[in-house]
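**Q** So that you have it, the file is upload22.csv, and it contains CSV, C-alpha atoms:
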```csv
chain,number,residue,atom,x,y,z
A,1,MET,CA,-9.9,-91.2,-120.5
A,2,ASN,CA,-11.7,-94.4,-121.4
A,3,MET,CA,-15.2,-93.0,-122.3
A,4,THR,CA,-16.9,-96.3,-121.5
A,5,GLN,CA,-15.8,-96.2,-117.9
A,6,SER,CA,-17.9,-94.8,-115.1
A,7,THR,CA,-17.5,-94.4,-111.4
A,8,THR,CA,-20.2,-94.3,-108.8
A,9,SER,CA,-20.0,-93.6,-105.0
A,10,SER,CA,-21.8,-91.5,-102.5
A,11,HIS,CA,-19.5,-88.5,-103.4
A,12,THR,CA,-18.9,-88.7,-107.2
A,13,ALA,CA,-20.5,-90.1,-110.3
A,14,GLU,CA,-19.7,-90.0,-114.0
A,15,ALA,CA,-21.5,-90.9,-117.2
A,16,ALA,CA,-20.6,-90.6,-120.9
A,17,ALA,CA,-23.3,-90.4,-123.6
A,18,PRO,CA,-22.4,-90.9,-127.3
A,19,GLY,CA,-23.5,-88.7,-130.1
A,20,LYS,CA,-26.0,-89.8,-132.8
A,21,LEU,CA,-26.5,-89.9,-136.5
A,22,TYR,CA,-29.8,-90.6,-138.3
A,23,ILE,CA,-29.7,-93.3,-140.9
A,24,ALA,CA,-33.3,-93.2,-142.1
A,25,GLY,CA,-36.8,-91.9,-141.4
A,26,GLU,CA,-36.0,-88.2,-140.8
A,27,TYR,CA,-38.9,-85.7,-140.6
A,28,ALA,CA,-41.5,-88.5,-140.6
A,29,VAL,CA,-40.2,-89.7,-137.2
A,30,VAL,CA,-41.5,-86.5,-135.6
A,31,GLU,CA,-45.0,-87.9,-136.1
A,32,PRO,CA,-46.0,-90.5,-133.4
A,33,GLY,CA,-45.4,-94.1,-134.5
A,34,HIS,CA,-43.4,-93.4,-137.6
A,35,PRO,CA,-40.2,-95.4,-137.6
A,36,SER,CA,-36.6,-94.3,-138.0
A,37,ILE,CA,-33.1,-95.9,-137.7
A,38,VAL,CA,-30.6,-93.9,-135.7
A,39,ILE,CA,-27.1,-94.9,-134.5
A,40,ALA,CA,-24.8,-93.9,-131.6
A,41,VAL,CA,-21.3,-92.9,-132.6
A,42,ASP,CA,-18.1,-93.1,-130.7
A,43,ARG,CA,-17.7,-89.4,-129.9
A,44,PHE,CA,-18.9,-88.7,-126.3
A,45,LEU,CA,-20.1,-86.1,-124.0
A,46,THR,CA,-19.2,-86.8,-120.3
A,47,ALA,CA,-20.8,-85.4,-117.2
A,48,ARG,CA,-19.1,-85.8,-113.8
A,49,LEU,CA,-20.6,-84.9,-110.4
A,50,GLU,CA,-18.6,-84.2,-107.3
A,51,GLN,CA,-20.3,-83.6,-103.9
A,52,SER,CA,-20.2,-80.1,-102.5
A,53,GLU,CA,-21.1,-78.8,-99.1
A,54,ALA,CA,-22.1,-75.2,-99.4
A,55,TYR,CA,-23.1,-74.5,-103.0
A,56,GLY,CA,-23.2,-76.1,-106.5
A,57,SER,CA,-21.6,-75.2,-109.8
A,58,ILE,CA,-21.7,-76.2,-113.5
A,59,HIS,CA,-18.6,-76.0,-115.6
A,60,SER,CA,-18.3,-76.7,-119.3
A,61,LEU,CA,-15.7,-75.1,-121.7
A,62,GLN,CA,-18.3,-75.5,-124.4
A,63,TYR,CA,-20.8,-73.3,-122.6
A,64,SER,CA,-18.8,-70.9,-120.4
A,65,ASP,CA,-15.2,-70.0,-119.6
A,66,LYS,CA,-15.7,-70.3,-115.9
A,67,PRO,CA,-17.8,-72.4,-113.5
A,68,LEU,CA,-21.3,-71.0,-112.9
A,69,ARG,CA,-22.7,-71.2,-109.4
A,70,TRP,CA,-26.2,-72.5,-108.7
A,71,GLU,CA,-28.5,-72.6,-105.8
A,72,ARG,CA,-31.9,-74.2,-105.1
A,73,ARG,CA,-35.0,-72.0,-105.1
A,74,ASP,CA,-38.3,-73.7,-104.3
A,75,LYS,CA,-36.4,-77.0,-104.6
A,76,GLN,CA,-35.2,-76.2,-108.1
A,77,VAL,CA,-31.7,-75.6,-109.3
A,78,THR,CA,-31.2,-72.0,-110.5
A,79,LEU,CA,-28.1,-70.3,-111.8
A,80,THR,CA,-27.0,-67.2,-109.9
A,81,GLU,CA,-26.3,-65.6,-113.4
A,82,GLU,CA,-28.3,-66.6,-116.5
A,83,ASN,CA,-26.8,-68.6,-119.3
A,84,GLU,CA,-29.1,-69.7,-122.1
A,85,ALA,CA,-26.5,-72.2,-123.4
A,86,LEU,CA,-27.1,-74.3,-120.4
A,87,GLU,CA,-30.9,-74.7,-120.9
A,88,TYR,CA,-30.7,-78.4,-121.7
A,89,VAL,CA,-28.4,-79.1,-118.7
A,90,LEU,CA,-30.7,-77.2,-116.3
A,91,ALA,CA,-33.8,-79.0,-117.8
A,92,ALA,CA,-32.1,-82.4,-117.3
A,93,ILE,CA,-31.2,-81.5,-113.7
A,94,ARG,CA,-34.6,-80.1,-112.8
A,95,VAL,CA,-36.6,-83.1,-114.3
A,96,THR,CA,-34.3,-85.7,-112.8
A,97,GLU,CA,-34.3,-84.0,-109.3
A,98,GLN,CA,-38.1,-83.7,-109.4
A,99,TRP,CA,-38.3,-87.5,-110.1
A,100,LEU,CA,-35.8,-88.1,-107.3
A,101,LEU,CA,-37.7,-86.0,-104.8
A,102,GLU,CA,-41.0,-87.7,-105.7
A,103,THR,CA,-39.4,-91.1,-105.2
A,104,GLY,CA,-38.0,-90.2,-101.7
A,105,THR,CA,-34.4,-89.1,-102.3
A,106,ASP,CA,-32.8,-86.3,-100.3
A,107,LEU,CA,-30.9,-83.9,-102.5
A,108,SER,CA,-27.4,-82.4,-102.0
A,109,TYR,CA,-25.1,-79.8,-103.6
A,110,TYR,CA,-22.6,-80.9,-106.2
A,111,HIS,CA,-20.2,-79.6,-108.8
A,112,LEU,CA,-21.1,-80.7,-112.4
A,113,THR,CA,-18.3,-80.8,-115.0
A,114,ILE,CA,-19.2,-81.3,-118.6
A,115,ASP,CA,-16.7,-82.3,-121.3
A,116,SER,CA,-17.6,-82.8,-125.0
A,117,GLN,CA,-16.0,-84.4,-128.0
A,118,LEU,CA,-19.0,-83.7,-130.2
A,119,ASP,CA,-17.9,-80.4,-131.9
A,120,SER,CA,-14.9,-79.7,-134.1
A,121,GLU,CA,-11.7,-78.3,-132.6
A,122,SER,CA,-12.8,-74.8,-133.8
A,123,GLY,CA,-16.1,-75.2,-132.0
A,124,LYS,CA,-18.3,-75.9,-135.0
A,125,LYS,CA,-21.0,-78.5,-134.5
A,126,TYR,CA,-20.8,-81.7,-136.4
A,127,GLY,CA,-24.5,-82.4,-136.1
A,128,LEU,CA,-24.0,-85.3,-133.7
A,129,GLY,CA,-26.7,-84.4,-131.3
A,130,SER,CA,-24.9,-82.5,-128.5
A,131,SER,CA,-28.2,-81.3,-126.9
A,132,GLY,CA,-29.4,-84.9,-126.7
A,133,ALA,CA,-26.1,-86.3,-125.5
A,134,VAL,CA,-25.7,-83.7,-122.7
A,135,THR,CA,-29.2,-84.4,-121.5
A,136,VAL,CA,-28.7,-88.1,-121.4
A,137,ALA,CA,-25.3,-87.8,-119.8
A,138,VAL,CA,-26.5,-85.4,-117.0
A,139,VAL,CA,-29.6,-87.6,-116.3
A,140,ARG,CA,-27.5,-90.8,-116.1
A,141,ALA,CA,-24.8,-89.2,-114.0
A,142,LEU,CA,-27.4,-87.8,-111.5
A,143,LEU,CA,-29.1,-91.2,-111.2
A,144,ARG,CA,-25.7,-92.8,-110.4
A,145,TYR,CA,-24.8,-90.0,-108.0
A,146,TYR,CA,-27.9,-90.7,-106.0
A,147,GLN,CA,-27.4,-94.4,-106.4
A,148,GLN,CA,-30.5,-95.1,-108.4
A,149,GLU,CA,-30.8,-97.7,-111.2
A,150,ASP,CA,-30.0,-96.0,-114.5
A,151,HIS,CA,-31.7,-98.3,-116.9
A,152,ASP,CA,-32.0,-97.1,-120.4
A,153,LEU,CA,-35.8,-96.5,-120.6
A,154,LEU,CA,-35.8,-94.4,-117.4
A,155,VAL,CA,-32.9,-92.4,-118.7
A,156,TYR,CA,-34.6,-91.9,-122.1
A,157,LYS,CA,-37.9,-90.9,-120.5
A,158,LEU,CA,-36.4,-88.4,-118.1
A,159,ALA,CA,-34.3,-86.9,-120.9
A,160,ALA,CA,-37.4,-86.7,-123.2
A,161,LEU,CA,-39.4,-85.0,-120.4
A,162,ALA,CA,-36.6,-82.5,-120.0
A,163,HIS,CA,-36.7,-81.6,-123.7
A,164,LEU,CA,-40.5,-81.4,-123.6
A,165,SER,CA,-40.3,-79.0,-120.8
A,166,LEU,CA,-38.3,-76.7,-123.2
A,167,GLY,CA,-41.0,-77.0,-125.9
A,168,SER,CA,-38.8,-79.1,-128.2
A,169,ASN,CA,-40.4,-80.1,-131.6
A,170,GLY,CA,-38.0,-82.9,-132.2
A,171,SER,CA,-38.6,-86.7,-132.3
A,172,PHE,CA,-36.2,-87.5,-129.4
A,173,GLY,CA,-34.5,-90.2,-131.5
A,174,ASP,CA,-31.2,-88.6,-130.5
A,175,LEU,CA,-32.0,-89.4,-126.9
A,176,ALA,CA,-32.8,-93.0,-127.7
A,177,ALA,CA,-29.5,-93.4,-129.5
A,178,SER,CA,-27.5,-91.8,-126.7
A,179,ALA,CA,-29.3,-93.8,-124.0
A,180,TYR,CA,-29.4,-97.2,-125.7
A,181,THR,CA,-26.4,-97.0,-128.1
A,182,GLY,CA,-25.7,-99.1,-131.2
A,183,TRP,CA,-28.1,-99.3,-134.1
A,184,VAL,CA,-31.6,-98.3,-132.9
A,185,ALA,CA,-35.0,-98.7,-134.6
A,186,TYR,CA,-37.0,-95.8,-133.1
A,187,SER,CA,-40.6,-94.5,-133.3
A,188,SER,CA,-41.6,-91.4,-131.3
A,189,PHE,CA,-44.4,-91.2,-128.8
A,190,ASP,CA,-47.6,-89.1,-128.8
A,191,ARG,CA,-46.2,-85.9,-127.4
A,192,THR,CA,-49.7,-84.3,-127.0
A,193,MET,CA,-50.7,-87.1,-124.7
A,194,VAL,CA,-47.5,-87.1,-122.6
A,195,ARG,CA,-47.6,-83.3,-122.3
A,196,ARG,CA,-51.2,-83.6,-121.0
A,197,TRP,CA,-50.0,-86.2,-118.4
A,198,MET,CA,-47.2,-83.8,-117.4
A,199,ASP,CA,-49.8,-81.1,-116.6
A,200,GLU,CA,-52.1,-83.5,-114.8
A,201,CYS,CA,-49.9,-86.1,-113.0
A,202,PRO,CA,-46.9,-86.3,-110.7
A,203,LEU,CA,-43.8,-86.7,-112.8
A,204,HIS,CA,-42.9,-90.2,-111.5
A,205,GLN,CA,-46.3,-91.4,-112.6
A,206,VAL,CA,-45.7,-90.0,-116.1
A,207,VAL,CA,-42.4,-92.0,-116.2
A,208,GLU,CA,-44.2,-95.2,-115.2
A,209,MET,CA,-46.9,-94.9,-117.8
A,210,ASP,CA,-46.7,-96.7,-121.2
A,211,TRP,CA,-46.2,-93.9,-123.7
A,212,PRO,CA,-48.4,-94.3,-126.8
A,213,SER,CA,-46.6,-95.2,-130.0
A,214,LEU,CA,-43.1,-95.2,-128.4
A,215,SER,CA,-40.9,-98.0,-129.7
A,216,ILE,CA,-37.1,-98.5,-129.1
A,217,GLU,CA,-35.4,-101.6,-130.5
A,218,GLN,CA,-31.7,-102.3,-130.8
A,219,LEU,CA,-30.7,-103.7,-134.1
A,220,THR,CA,-27.8,-106.0,-135.1
A,221,PRO,CA,-26.4,-104.7,-138.4
A,222,PRO,CA,-25.2,-107.1,-141.1
A,223,GLY,CA,-21.6,-108.0,-140.5
A,224,SER,CA,-20.7,-107.1,-144.1
A,225,LEU,CA,-21.8,-103.5,-143.8
A,226,GLN,CA,-19.3,-100.5,-143.9
A,227,LEU,CA,-20.4,-97.1,-142.7
A,228,LEU,CA,-18.6,-93.9,-143.9
A,229,ILE,CA,-19.6,-90.5,-142.5
A,230,GLY,CA,-18.8,-87.1,-144.1
A,231,TRP,CA,-19.2,-83.6,-142.7
A,232,THR,CA,-19.9,-80.7,-145.0
A,233,GLY,CA,-18.5,-78.1,-142.6
A,234,SER,CA,-21.9,-76.2,-142.7
A,235,PRO,CA,-23.8,-76.5,-139.4
A,236,ALA,CA,-27.6,-76.7,-139.5
A,237,SER,CA,-30.3,-76.2,-137.0
A,238,THR,CA,-32.6,-79.2,-136.6
A,239,THR,CA,-35.2,-77.2,-134.6
A,240,ASP,CA,-35.4,-74.5,-137.4
A,241,LEU,CA,-35.6,-77.0,-140.2
A,242,VAL,CA,-38.2,-79.2,-138.6
A,243,GLY,CA,-40.2,-76.1,-137.7
A,244,GLN,CA,-40.2,-75.0,-141.4
A,245,VAL,CA,-41.4,-78.4,-142.6
A,246,LYS,CA,-44.2,-78.5,-139.9
A,247,ALA,CA,-45.3,-75.0,-140.9
A,248,LYS,CA,-45.7,-76.1,-144.5
A,249,GLN,CA,-47.4,-79.5,-143.9
A,250,THR,CA,-50.8,-77.9,-143.2
A,251,GLU,CA,-50.7,-76.4,-146.7
A,252,MET,CA,-49.8,-79.7,-148.4
A,253,VAL,CA,-51.8,-82.2,-146.4
A,254,ALA,CA,-52.3,-84.9,-149.0
A,255,SER,CA,-48.6,-84.7,-150.2
A,256,TYR,CA,-47.3,-84.8,-146.6
A,257,GLU,CA,-49.5,-87.7,-145.7
A,258,SER,CA,-48.2,-89.6,-148.7
A,259,PHE,CA,-44.6,-88.8,-147.7
A,260,LEU,CA,-45.3,-90.2,-144.2
A,261,GLU,CA,-46.8,-93.4,-145.5
A,262,GLU,CA,-44.0,-94.0,-148.0
A,263,SER,CA,-41.3,-93.2,-145.4
A,264,LYS,CA,-43.0,-95.7,-142.9
A,265,ALA,CA,-43.0,-98.4,-145.6
A,266,CYS,CA,-39.4,-97.7,-146.6
A,267,VAL,CA,-38.0,-97.8,-143.0
A,268,THR,CA,-40.1,-100.9,-142.2
A,269,ARG,CA,-38.5,-102.7,-145.1
A,270,MET,CA,-35.1,-101.4,-144.2
A,271,THR,CA,-35.5,-102.6,-140.6
A,272,ALA,CA,-36.5,-106.1,-141.8
A,273,ALA,CA,-33.4,-106.1,-144.1
A,274,PHE,CA,-31.2,-105.3,-141.1
A,275,ARG,CA,-32.8,-108.2,-139.2
A,276,ALA,CA,-32.2,-110.5,-142.2
A,277,GLY,CA,-28.6,-109.3,-142.7
A,278,ASP,CA,-29.5,-108.2,-146.3
A,279,VAL,CA,-27.1,-105.4,-147.2
A,280,PRO,CA,-28.4,-104.9,-150.8
A,281,THR,CA,-31.9,-104.3,-149.6
A,282,VAL,CA,-30.6,-101.9,-146.9
A,283,GLN,CA,-28.8,-100.0,-149.6
A,284,LYS,CA,-31.9,-100.0,-151.9
A,285,GLU,CA,-34.0,-98.5,-149.1
A,286,ILE,CA,-31.4,-95.9,-148.2
A,287,ARG,CA,-31.6,-94.7,-151.8
A,288,HIS,CA,-35.4,-94.7,-151.6
A,289,ASN,CA,-35.3,-92.7,-148.4
A,290,ARG,CA,-33.0,-90.1,-150.0
A,291,LEU,CA,-35.5,-89.8,-152.9
A,292,LEU,CA,-38.4,-89.3,-150.5
A,293,LEU,CA,-36.5,-86.6,-148.6
A,294,ASN,CA,-35.8,-84.8,-151.9
A,295,GLN,CA,-39.5,-85.1,-152.7
A,296,LEU,CA,-40.3,-83.5,-149.3
A,297,LYS,CA,-38.1,-80.6,-150.4
A,298,ASP,CA,-40.3,-80.2,-153.5
A,299,ILE,CA,-43.4,-80.2,-151.3
A,300,THR,CA,-42.2,-77.8,-148.6
A,301,GLY,CA,-39.5,-75.7,-150.3
A,302,VAL,CA,-37.1,-76.6,-147.4
A,303,VAL,CA,-33.7,-77.5,-148.6
A,304,ILE,CA,-32.7,-80.8,-147.0
A,305,GLU,CA,-29.9,-82.0,-149.3
A,306,THR,CA,-27.6,-79.0,-149.9
A,307,PRO,CA,-25.2,-79.0,-152.9
A,308,SER,CA,-22.4,-80.2,-150.6
A,309,LEU,CA,-24.5,-83.1,-149.4
A,310,THR,CA,-25.4,-83.9,-153.0
A,311,GLN,CA,-21.7,-84.1,-153.9
A,312,LEU,CA,-21.1,-86.3,-150.8
A,313,CYS,CA,-23.8,-88.7,-151.9
A,314,ASP,CA,-23.0,-88.7,-155.7
A,315,ILE,CA,-19.3,-89.5,-155.0
A,316,ALA,CA,-20.2,-92.4,-152.7
A,317,GLU,CA,-22.8,-93.7,-155.1
A,318,ALA,CA,-20.2,-93.7,-158.0
A,319,HIS,CA,-18.2,-96.2,-155.9
A,320,GLY,CA,-21.0,-98.6,-154.9
A,321,GLY,CA,-22.2,-96.9,-151.8
A,322,ALA,CA,-25.8,-96.0,-150.8
A,323,ALA,CA,-25.7,-92.5,-149.5
A,324,LYS,CA,-28.0,-89.8,-148.1
A,325,SER,CA,-28.1,-86.8,-145.8
A,326,SER,CA,-28.4,-87.5,-142.1
A,327,GLY,CA,-30.9,-85.9,-139.8
A,328,ALA,CA,-32.6,-82.7,-140.7
A,329,GLY,CA,-30.1,-82.0,-143.5
A,330,GLY,CA,-29.5,-78.4,-144.5
A,331,GLY,CA,-25.8,-79.0,-143.9
A,332,ASP,CA,-23.9,-81.0,-141.3
A,333,CYS,CA,-23.4,-84.7,-142.1
A,334,GLY,CA,-24.2,-87.3,-144.7
A,335,PHE,CA,-23.2,-90.9,-144.8
A,336,ALA,CA,-22.8,-93.9,-147.1
A,337,LEU,CA,-23.2,-97.6,-146.6
A,338,PHE,CA,-20.9,-100.0,-148.5
A,339,GLU,CA,-20.3,-103.7,-148.7
A,340,ASP,CA,-17.3,-104.5,-146.4
A,341,LYS,CA,-14.9,-105.4,-149.3
A,342,THR,CA,-15.2,-102.0,-151.0
A,343,ASP,CA,-12.1,-99.9,-151.3
A,344,LEU,CA,-13.0,-96.6,-149.7
A,345,SER,CA,-9.8,-94.7,-150.6
A,346,PRO,CA,-11.2,-93.2,-153.9
A,347,VAL,CA,-14.3,-91.9,-151.9
A,348,LEU,CA,-12.1,-90.3,-149.3
A,349,GLN,CA,-9.9,-88.6,-151.9
A,350,GLN,CA,-12.8,-87.2,-153.8
A,351,TRP,CA,-14.6,-86.1,-150.7
A,352,ALA,CA,-11.4,-84.2,-149.6
A,353,ALA,CA,-11.2,-82.6,-153.0
A,354,ALA,CA,-14.8,-81.4,-152.5
A,355,HIS,CA,-14.0,-80.0,-149.1
A,356,ILE,CA,-16.0,-82.8,-147.3
A,357,THR,CA,-14.4,-84.0,-144.1
A,358,ALA,CA,-14.5,-87.7,-143.5
A,359,LEU,CA,-15.3,-88.3,-139.8
A,360,LEU,CA,-13.5,-91.3,-138.5
A,361,LEU,CA,-16.4,-92.5,-136.4
A,362,ASN,CA,-17.7,-96.0,-135.6
A,363,VAL,CA,-21.0,-97.1,-134.2
A,364,HIS,CA,-20.7,-97.3,-130.4
A,365,GLU,CA,-22.1,-100.3,-128.6
A,366,LYS,CA,-22.0,-100.0,-124.9
A,367,ASN,CA,-20.4,-102.8,-122.8
A,368,ASN,CA,-20.7,-103.7,-119.2
A,369,ALA,CA,-18.2,-101.0,-118.1
A,370,PHE,CA,-20.4,-98.3,-119.8
A,371,ILE,CA,-23.5,-99.6,-118.0
```
Show the structure stored in the file as structure tokens.

**A**
Amino acid sequence: MNMTQSTTSSHTAEAAAPGKLYIAGEYAVVEPGHPSIVIAVDRFLTARLEQSEAYGSIHSLQYSDKPLRWERRDKQVTLTEENEALEYVLAAIRVTEQWLLETGTDLSYYHLTIDSQLDSESGKKYGLGSSGAVTVAVVRALLRYYQQEDHDLLVYKLAALAHLSLGSNGSFGDLAASAYTGWVAYSSFDRTMVRRWMDECPLHQVVEMDWPSLSIEQLTPPGSLQLLIGWTGSPASTTDLVGQVKAKQTEMVASYESFLEESKACVTRMTAAFRAGDVPTVQKEIRHNRLLLNQLKDITGVVIETPSLTQLCDIAEAHGGAAKSSGAGGGDCGFALFEDKTDLSPVLQQWAAAHITALLLNVHEKNNAFI
């Protein structure tokens, strides 16, 4: 299947959402207005809807071995048997359907099928943001199914509201990358304010409001930039790691505030270097961001760069790359940025010897067929 293709009619709809990888600004980005750079990668999660007459179902081999039936109770989709693995799917459906009801759309029953490329063949997670991608894919597929415009900001906001409804402590940069694709400069919104609006206002009004501190900008990377991604084979939980850092920040207020300020300055310089096509400065700031994250470990005691990630980075650095962990760290992926004429074969050989899997991923830029 061509993952950039989609179909829309009164009876079926399909949407594919790419996975994500953080390049810079991790941890600081959970604070409103603090910048990050995140990319969409060409591994996809696809959601397909097909109209049904009598009942609905959800089927994903990643979440269950059989289709699970659902029905509407008080206008809300509810599974006939509980399955916690589907919480993001259900949240995406419930928020999007609430928006649809408030904007005058009549709802129907449908079968939802989910297919994911974001995990390894053995089922291990690569850390490519499967919860974000499934939310974005389901929201976009539902909007198409009901023949609504699925512009990126609407998809992002509905996906973010779905995650907020589950009490997420993340930045939602994964949602921005999956919705907008490509290289994205992202700053998170004031979650306290938006949660208050959710309690006080109809959902469609919350969507229409300007969310304080939110910024999403697509970047054009320098043409001479090579990206190489490695997987340590050790999955990590972003929610747990972010929670650990948040728990420590109140004890280390001055140090944490210094980290936030330095991260903001670093990512701002890096974003300017992207706009200028300045690869050496991008690499310099990647190295600086790695240093800041290691200092955050010293502040909080939370291990972000594991020994395997250190190996990944040191091997890449020895061959001219600028490398760091991606996302919350603690395992999962790291990456390196090289000048485009660099021979990467020694890096790949040494990564393999260190049991680091090179993921043959590219940055995904959507085209007209994807839209």

**Q** For Thr113 in chain A, please output as a list in words all residues within 8 Å (counting only C-alpha atoms; exclusion window: fewer than 5 positions along the same chain).

**A** Ala47, Arg48, Leu49, Ile58, His59 and Ser60 of chain A

**Q** Residues at most 10 Å from Ser108 in chain A, counting only C-alpha atoms, excluding those fewer than 6 positions away in the same chain, as a PyMOL selection string?

**A** chain A and resi 51-56+72+146

**Q** Quick one, how far is CA of Val136 in chain A from CA of Leu228 in chain A?

**A**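 Here the two named atoms are 25.3 Å from each other.
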
**Q** So that I can check the surroundings of Lys20 in chain A, please list as a count of residues only every protein, DNA and RNA residue that reaches within 8 Å of it, counting only C-alpha atoms and ignoring chain neighbours fewer than 5 positions away.

**A** 9

**Q** How close does each residue of range 272-347 of chain A get to range 200-221 of chain A, giving the shortest atom pair and distance in Å to one decimal for every residue with an atom at most 7 Å away, counting only C-alpha atoms, sorted by chain and residue number, as a tab-separated table?

**A**
```
residue	atom	partner	partner_atom	distance
A:Phe274	CA	A:Pro221	CA	5.5
A:Arg275	CA	A:Thr220	CA	6.8
A:Gly277	CA	A:Pro221	CA	6.7
```

**Q** Between A:Leu68, A:Leu337, A:Val134, A:Ile299, which one has atoms that come closest to Glu257 in chain A, using only C-alpha atoms?

**A**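 Nearest to Glu257 in chain A: A:Ile299.
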
**Q** Just need range 349-370 of chain A in a file, please: N, CA and C atoms, as a CSV table (one decimal), in the first residue's frame.

**A**
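Okay, selection.csv is ready:
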```
chain,number,residue,atom,x,y,z
A,349,GLN,N,28.8,0.0,10.6
A,349,GLN,CA,29.5,-1.3,11.0
A,349,GLN,C,29.7,-1.3,12.5
A,350,GLN,N,30.2,-0.1,13.0
A,350,GLN,CA,30.5,0.0,14.5
A,350,GLN,C,29.2,0.0,15.3
A,351,TRP,N,28.1,0.6,14.8
A,351,TRP,CA,26.8,0.5,15.5
A,351,TRP,C,26.4,-1.0,15.6
A,352,ALA,N,26.5,-1.7,14.4
A,352,ALA,CA,26.1,-3.1,14.4
A,352,ALA,C,26.9,-3.9,15.4
A,353,ALA,N,28.2,-3.7,15.5
A,353,ALA,CA,29.1,-4.4,16.5
A,353,ALA,C,28.7,-4.1,17.9
A,354,ALA,N,28.1,-2.9,18.1
A,354,ALA,CA,27.6,-2.5,19.5
A,354,ALA,C,26.2,-2.8,19.7
A,355,HIS,N,25.6,-3.6,18.8
A,355,HIS,CA,24.2,-4.1,18.9
A,355,HIS,C,23.2,-2.9,18.8
A,356,ILE,N,23.6,-1.9,18.0
A,356,ILE,CA,22.7,-0.8,17.7
A,356,ILE,C,22.1,-1.0,16.3
A,357,THR,N,20.8,-1.0,16.2
A,357,THR,CA,20.2,-1.2,14.9
A,357,THR,C,20.0,0.1,14.2
A,358,ALA,N,20.6,0.2,13.0
A,358,ALA,CA,20.3,1.4,12.1
A,358,ALA,C,18.9,1.3,11.5
A,359,LEU,N,18.1,2.3,11.8
A,359,LEU,CA,16.7,2.3,11.2
A,359,LEU,C,16.8,3.1,9.9
A,360,LEU,N,16.4,2.4,8.8
A,360,LEU,CA,16.5,3.0,7.5
A,360,LEU,C,15.3,3.9,7.3
A,361,LEU,N,15.3,5.0,8.0
A,361,LEU,CA,14.2,5.9,8.0
A,361,LEU,C,14.6,7.2,7.3
A,362,ASN,N,13.6,7.9,6.6
A,362,ASN,CA,13.8,9.2,6.1
A,362,ASN,C,12.7,10.1,6.6
A,363,VAL,N,13.0,11.4,6.5
A,363,VAL,CA,12.0,12.4,6.9
A,363,VAL,C,10.9,12.4,5.9
A,364,HIS,N,9.6,12.3,6.5
A,364,HIS,CA,8.5,12.2,5.6
A,364,HIS,C,7.8,13.6,5.4
A,365,GLU,N,7.8,14.1,4.1
A,365,GLU,CA,7.1,15.3,3.8
A,365,GLU,C,5.9,14.9,3.0
A,366,LYS,N,4.7,15.3,3.5
A,366,LYS,CA,3.5,14.9,2.8
A,366,LYS,C,3.3,15.6,1.5
A,367,ASN,N,2.7,15.0,0.6
A,367,ASN,CA,2.4,15.5,-0.7
A,367,ASN,C,0.9,15.7,-0.9
A,368,ASN,N,0.5,16.1,-2.1
A,368,ASN,CA,-0.9,16.3,-2.3
A,368,ASN,C,-1.8,15.1,-2.1
A,369,ALA,N,-1.2,13.9,-2.4
A,369,ALA,CA,-2.0,12.7,-2.2
A,369,ALA,C,-2.2,12.4,-0.8
A,370,PHE,N,-1.3,12.8,0.1
A,370,PHE,CA,-1.4,12.5,1.5
A,370,PHE,C,-2.5,13.4,2.1
```
